[in-house]
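Enquirer: Shown below is the structure under consideration.
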Amino acid sequence: MEMEGSHQMFCDMESLLACVGSQCIFCTGKELANISHLSKKHLKDAVYFNINNEEKFVVACFCKDSKWTSRSHYHCPHCKFRAFTRSAVFKKHLKSKHEKASMIYKKVENSTGESKDEQMGVLKELQSWEGDEDFEWEPPSEAEMKVIQARRERQDKISKLMGDYLLKGYKMLGDCCDVCGTILLQDRQQKKYCVSCQELDSDIDKDNPALNAQAALSQVRERQLAAQSPAPSQTPELNGGPSNGQPSVSVPQPRPEHCEGAAAGGRALLPPPAVPPPPAAPSTTALAPTRPAVCPQNPALRPVLQEAEEAVLTKLRWATTQLQGAASLEASIQLCSLITSCANSLRSLKELSQ
Amino acid sequence: MCSFFCPFMSHGSVVGVLEAVILRSFGPEGGQVLFTRDTGQAMLSRSGTHILRALHLEHPLARMVVECVWKHSTVTGDGSKTFILLLASLLRKIHTTASREPHVSHSYNSLEAAEAATARHLADKLLAFALKELDDLIAMEVAPHGRCVSWEDFTAEMHSPANHYVQKLLASFFHMRLGYVHCAFISELTCELLNHWKCIDNLPYFALQFLKDNFPAIHTPVSGFPITSSRLIEGQVIHRDFATPYPQTDHQPIKAVVFTGYLQPRLLNTGDVLEVGCGGTEERSIVDFSAWTERSLQCLIANLQSLGVSVLLSVVKQSAAVLALATQAEMCFVDCVSEDELSLFAQLSGATPISDCWRIEPEHIAELTFCRPILLGPHRYENMPFFSLTCKATHLHAKNYLGTIHTSHLQTLVADVFIIRVKVKPYSLIICGSGEGQTDQYACAFQDAIRMLFTTWEPIPATGTTAAKRTVQSDKRTSSYTHVLTDSSTCTSSNLNPLHKCVLQPGCIMPAGGTFEFLLHHALLKLSHSCSASNDTNIGVPVSRLLASALLSVPKQIYSHSPGQFLQTRTRHNAIFTQDMGLESVSCKYELLLAVLQCVTSLLRVDTILRTHTALHTQSLADTSWESTEDEAEN
């Protein structure tokens, strides 16, 4: 039962070193697989176990085959595509499912020396257990749940929009959009139209700081958190000065609740600070008086906000000129919605800079 | 040729889009869709099949789904929107379950393939479960809450309880399909029609089957009148005009003959070779030949006259000579009659059509009481051959018929009626509507109602599994609901010996509004609990839970305007029966479930869609009318 590529188990360092090459098989992106990379990134967190009285190990993997590409995961060498993010769970799985297999291997060998096929057959039977799945499937974390929820809502919105267009007489094509994978529509003028690209906000643009003010904000916050954690002594300085016995709040800005970037950032970074982040709107008024006290942070924020404002204004100007020359109804509607969203972005940027 | 891998999620998204299309028309609060053509014709419709078939769909999966819906609707006549809802919700649940536990007993190229295989496996398991155990479950747990109306009880008395239930069932069907305003009138008209055709045979559902098969010949759509002008006419209506002037005959019975071929042999078709003047000393020419054919025709007409035949019906268009001779002999002639109508005529009259006109036997002669021309429709349709003074009806009794017609709403009505001496009194349905599209919609609604009734009363063949494993239902549940269903003859499956097979009785109906779904949901959950408790390795364990949760999407949508009511009815069953949301048929629901599961299985079996660059069936792709037929999906 030899697995290939990133799913294999190794018995010694030599077998691992066979994976040295120009492209690391355990990583998603382009990574040089030299010894130092393999040992720091993958071997360091390897899980060791006993199979057939031999010690084997499985290295931490970041490949595309599992749904977790930003976290390390382990592939079970016996059940293909059972992947685990926590080593404790993986070890439990091996013990419950496959150590028995190793015991049976021994039993069969000892008793009648049956053929390898039968051993394989037994192993396969054990693998097809559909019993206690609880160990393998981990419930998604809160951030992942938000992502799943957002994606589901977006999908529902897309379906509803497409349904409306179909009832208006648009044709549903058999093609999918290259960018987002949504099914394409075609109007009476034979023009192709993708609902999610052209009408809804793009899924990934939300994370691009150049296009989204909230993503820019969350990027700034991440940088702040990273700056604060190695030097926690700086926090009294930031909140010092004219602080009149205010609560020790280390993050004065509200945490944007619906930003995927924030969720991803929150996952990858350290656990949230000791004080839980304040909820969105109501507490901002309470924190507003402390804003002048945290002037040292504003210079870092201002150029980003100014850039964002300029970008939005440029887009607004462009949309206005396009609208003046627009001939079709659909184009005019889309331009108007673009202008509305530009105005909203400007409003939120202005609020932030105040 | 280019191909692309069809990802698992696209099944869900395609069906999700179709769901979004029909969602606003679903349920008693649902709206109507206005269809407009480029020619300016407009039609309002709520029928799911109409809506779906009017969409422009090029995506093969979408076309496949619409095809499944249409086929299901031609069988049961109802439930196309519910089909899409259940399909979408099942696909969502299967996807959630598959992504949670991908099947790993085989090796796959990627996680997506593993998920797709799991989904396929789940769908197959669901279908197997449904085919094996669902009908027993329904018969045991769900049917006792409804009641079985037997077709024999359906009589002419308007106040008999069976009549009341059938009428209520029809009323709720027409309410959903056509709206509240005319549903009572239309359901009464349908009951009257059923009543008249009931005595066709002793078998209870044979009348329904006969009506279902011959509906195109039995009804006549007439546009330009309000729906309330629709009525029944005695006899059969043949949708063609007299080709010869109609002589008024008083003697009865009128004899009629049906011809399938040409009476006068046709000369000189393309490719024919006529040899003239062979084997004789005299010089013959084509003129002599045609004179000879006319003489033979005269003999034929004389023969018919001697037999007393005065009405001739023909499938094909006869030549001018035939018509002239028939006029001379004072016979009425109707040609180009459609095959459906002629087959109905033959069935009702017992006369077989003649193929060889020289051998006319007594069994070829039908006896009619009288025949009359009938004008249905406004004068402006006179120029169209279909309508202008064209309708004729087969009639049994002549008494004062003309008189009654002239006082009816259809002021321009004059009747051409044939009369047939048969054991049943045939009645024709005249369906009126304000526009052509509207009339067509009413006609489809009538036809679907008859199909729905046929499915309800069609006996379901007993499947293999016995009810021995299940516990017998106690009488407690049935007795608590009898105060609503006042008749005493409720379904007696609760009194059955546990060793007897529990079969879904024909004619089982129950209150509408999600009742069936709630009860089946609870039954499936109970089944999954009992199976897991007894540690049974039955295939039903995970799939029954999946099906149970998918079923709830239907009542959730019905009560979407009041979620509080949904929760209330879910927790307290008694509340369901106090609302008057009409009745629905259990057999139709069962057929619907099976059809949905089969559709899910075939959808999930699609791995790849191959696109070809040759244009197939371009005509039907461009044809977007709501009357067109869909092509088979490329798959």
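Ligands are numbered from 1 in the order shown, chains are lettered A, B, ... in the order of the structure tokens, and residues start at 1 in each chain.
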Given only C-alpha atoms, how would the per-residue table for chain B near chain A read, listing every residue at most 9 Å away with its closest atom pair and distance in Å to one decimal, sorted by chain and number, as a Markdown table?
Expert:
| residue | atom | partner | partner_atom | distance |
| --- | --- | --- | --- | --- |
| B:Ser10 | CA | A:Ile183 | CA | 8.3 |
| B:Ser13 | CA | A:Ser159 | CA | 6.9 |
| B:Val14 | CA | A:Ile183 | CA | 8.0 |
| B:Val15 | CA | A:Ser159 | CA | 8.9 |
| B:Gly16 | CA | A:Ser159 | CA | 5.8 |
| B:Val17 | CA | A:Ser159 | CA | 4.6 |
| B:Leu18 | CA | A:Gly163 | CA | 6.5 |
| B:Glu19 | CA | A:Gly163 | CA | 7.8 |
| B:Ala20 | CA | A:Gly163 | CA | 5.2 |
| B:Val21 | CA | A:Gly163 | CA | 4.6 |
| B:Ile22 | CA | A:Gly163 | CA | 8.4 |
| B:Val33 | CA | A:Leu167 | CA | 8.4 |
| B:Phe35 | CA | A:Leu167 | CA | 8.9 |
| B:Ile51 | CA | A:Leu167 | CA | 8.6 |
| B:Ala54 | CA | A:Leu167 | CA | 8.9 |
| B:Leu55 | CA | A:Leu166 | CA | 6.4 |
| B:His56 | CA | A:Lys171 | CA | 4.7 |
| B:Leu57 | CA | A:Met172 | CA | 4.9 |
| B:Glu58 | CA | A:Leu173 | CA | 4.8 |
| B:His59 | CA | A:Gly174 | CA | 3.9 |
| B:Pro60 | CA | A:Gly174 | CA | 6.5 |
| B:Leu61 | CA | A:Gly174 | CA | 8.4 |
| B:Ala62 | CA | A:Met172 | CA | 8.5 |
| B:Arg100 | CA | A:Trp137 | CA | 6.6 |
| B:Glu101 | CA | A:Trp137 | CA | 7.3 |
| B:Pro102 | CA | A:Phe81 | CA | 8.3 |
| B:His103 | CA | A:Ser128 | CA | 8.1 |
| B:Val104 | CA | A:Lys80 | CA | 6.4 |
| B:Ser105 | CA | A:Ser128 | CA | 5.5 |
| B:His106 | CA | A:Lys80 | CA | 8.5 |
| B:Ser107 | CA | A:Lys80 | CA | 6.8 |
| B:Tyr108 | CA | A:Lys80 | CA | 8.3 |
| B:Ser110 | CA | A:Asp65 | CA | 6.4 |
| B:Leu111 | CA | A:Asp65 | CA | 6.3 |
| B:Ala114 | CA | A:Phe81 | CA | 8.4 |
| B:Ile609 | CA | A:Gly174 | CA | 9.0 |
| B:Arg611 | CA | A:Gly174 | CA | 8.7 |
Enquirer: Of the candidates B:Ala98, B:Leu325, B:Cys183, B:Val337, which shows the shortest atom-to-atom distance to Val237 in chain B, using only C-alpha atoms?
Expert: B:Val337
Enquirer: Enumerate, as number ranges by chain, the complete set of residues in range 34-259 of chain B that a backbone-based DSSP assignment places in alpha helix (DSSP H).
Expert: B: 48-54, 60-76, 80-100, 111-129, 135-137, 161-178, 183-197, 206-218
Enquirer: What separation in Å, quoted to one decimal, exists between CA of Thr49 in chain B and CA of Ser553 in chain B?
Expert: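 Distance reported for this atom pair: 19.9 Å.
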Enquirer: Measure the distance from CA of Ala329 in chain B to CA of Val287 in chain B in Å and round it to one decimal.
Expert: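 Going from CA of Ala329 in chain B over to CA of Val287 in chain B, I get 24.1 Å.
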Enquirer: Quick one: residues within 12 Å of Gln438 in chain B, only C-alpha atoms counted, chain neighbours fewer than 6 positions away excluded, as an mmCIF file with C-alpha atoms, in the first residue's frame?
Expert:
data_model
loop_
_atom_site.group_PDB
_atom_site.id
_atom_site.type_symbol
_atom_site.label_atom_id
_atom_site.label_comp_id
_atom_site.auth_asym_id
_atom_site.auth_seq_id
_atom_site.Cartn_x
_atom_site.Cartn_y
_atom_site.Cartn_z
ATOM 1 C CA LEU B 34 -46.351 36.801 -17.092
ATOM 2 C CA PHE B 35 -45.025 35.482 -20.369
ATOM 3 C CA GLN B 41 -49.149 37.667 -26.944
ATOM 4 C CA ALA B 42 -49.182 37.496 -23.209
ATOM 5 C CA MET B 43 -50.074 34.747 -20.814
ATOM 6 C CA LEU B 44 -50.206 34.446 -17.058
ATOM 7 C CA SER B 45 -49.279 31.122 -15.627
ATOM 8 C CA ARG B 46 -48.457 29.471 -12.367
ATOM 9 C CA LEU B 178 -55.555 28.583 -11.883
ATOM 10 C CA PRO B 221 -61.007 24.804 -26.705
ATOM 11 C CA VAL B 222 -62.884 27.950 -27.656
ATOM 12 C CA SER B 223 -61.301 31.337 -27.131
ATOM 13 C CA GLY B 224 -63.076 34.602 -26.796
ATOM 14 C CA PHE B 225 -65.483 33.656 -24.059
ATOM 15 C CA PRO B 226 -65.162 33.831 -20.297
ATOM 16 C CA ILE B 227 -64.280 30.632 -18.507
ATOM 17 C CA ILE B 431 -63.469 24.899 -22.553
ATOM 18 C CA CYS B 432 -63.687 28.638 -22.952
ATOM 19 C CA CYS B 444 -53.854 21.773 -19.731
ATOM 20 C CA ALA B 445 -55.172 22.223 -16.206
ATOM 21 C CA TRP B 626 -44.466 27.504 -23.954
#
Enquirer: In Å, rounded to a single decimal, give me how far CA of Leu349 in chain A is from CA of Ala226 in chain A.
Expert: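 About the pair CA of Ala226 in chain A and CA of Leu349 in chain A: they are 23.7 Å apart.
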Enquirer: As a ChimeraX atom specification, please: the residues near range 315-326 of chain A (cut-off 8 Å, only C-alpha atoms, same-chain neighbours under 5 positions excluded).
Expert: /A:331-332,335-336,338-339,342-343
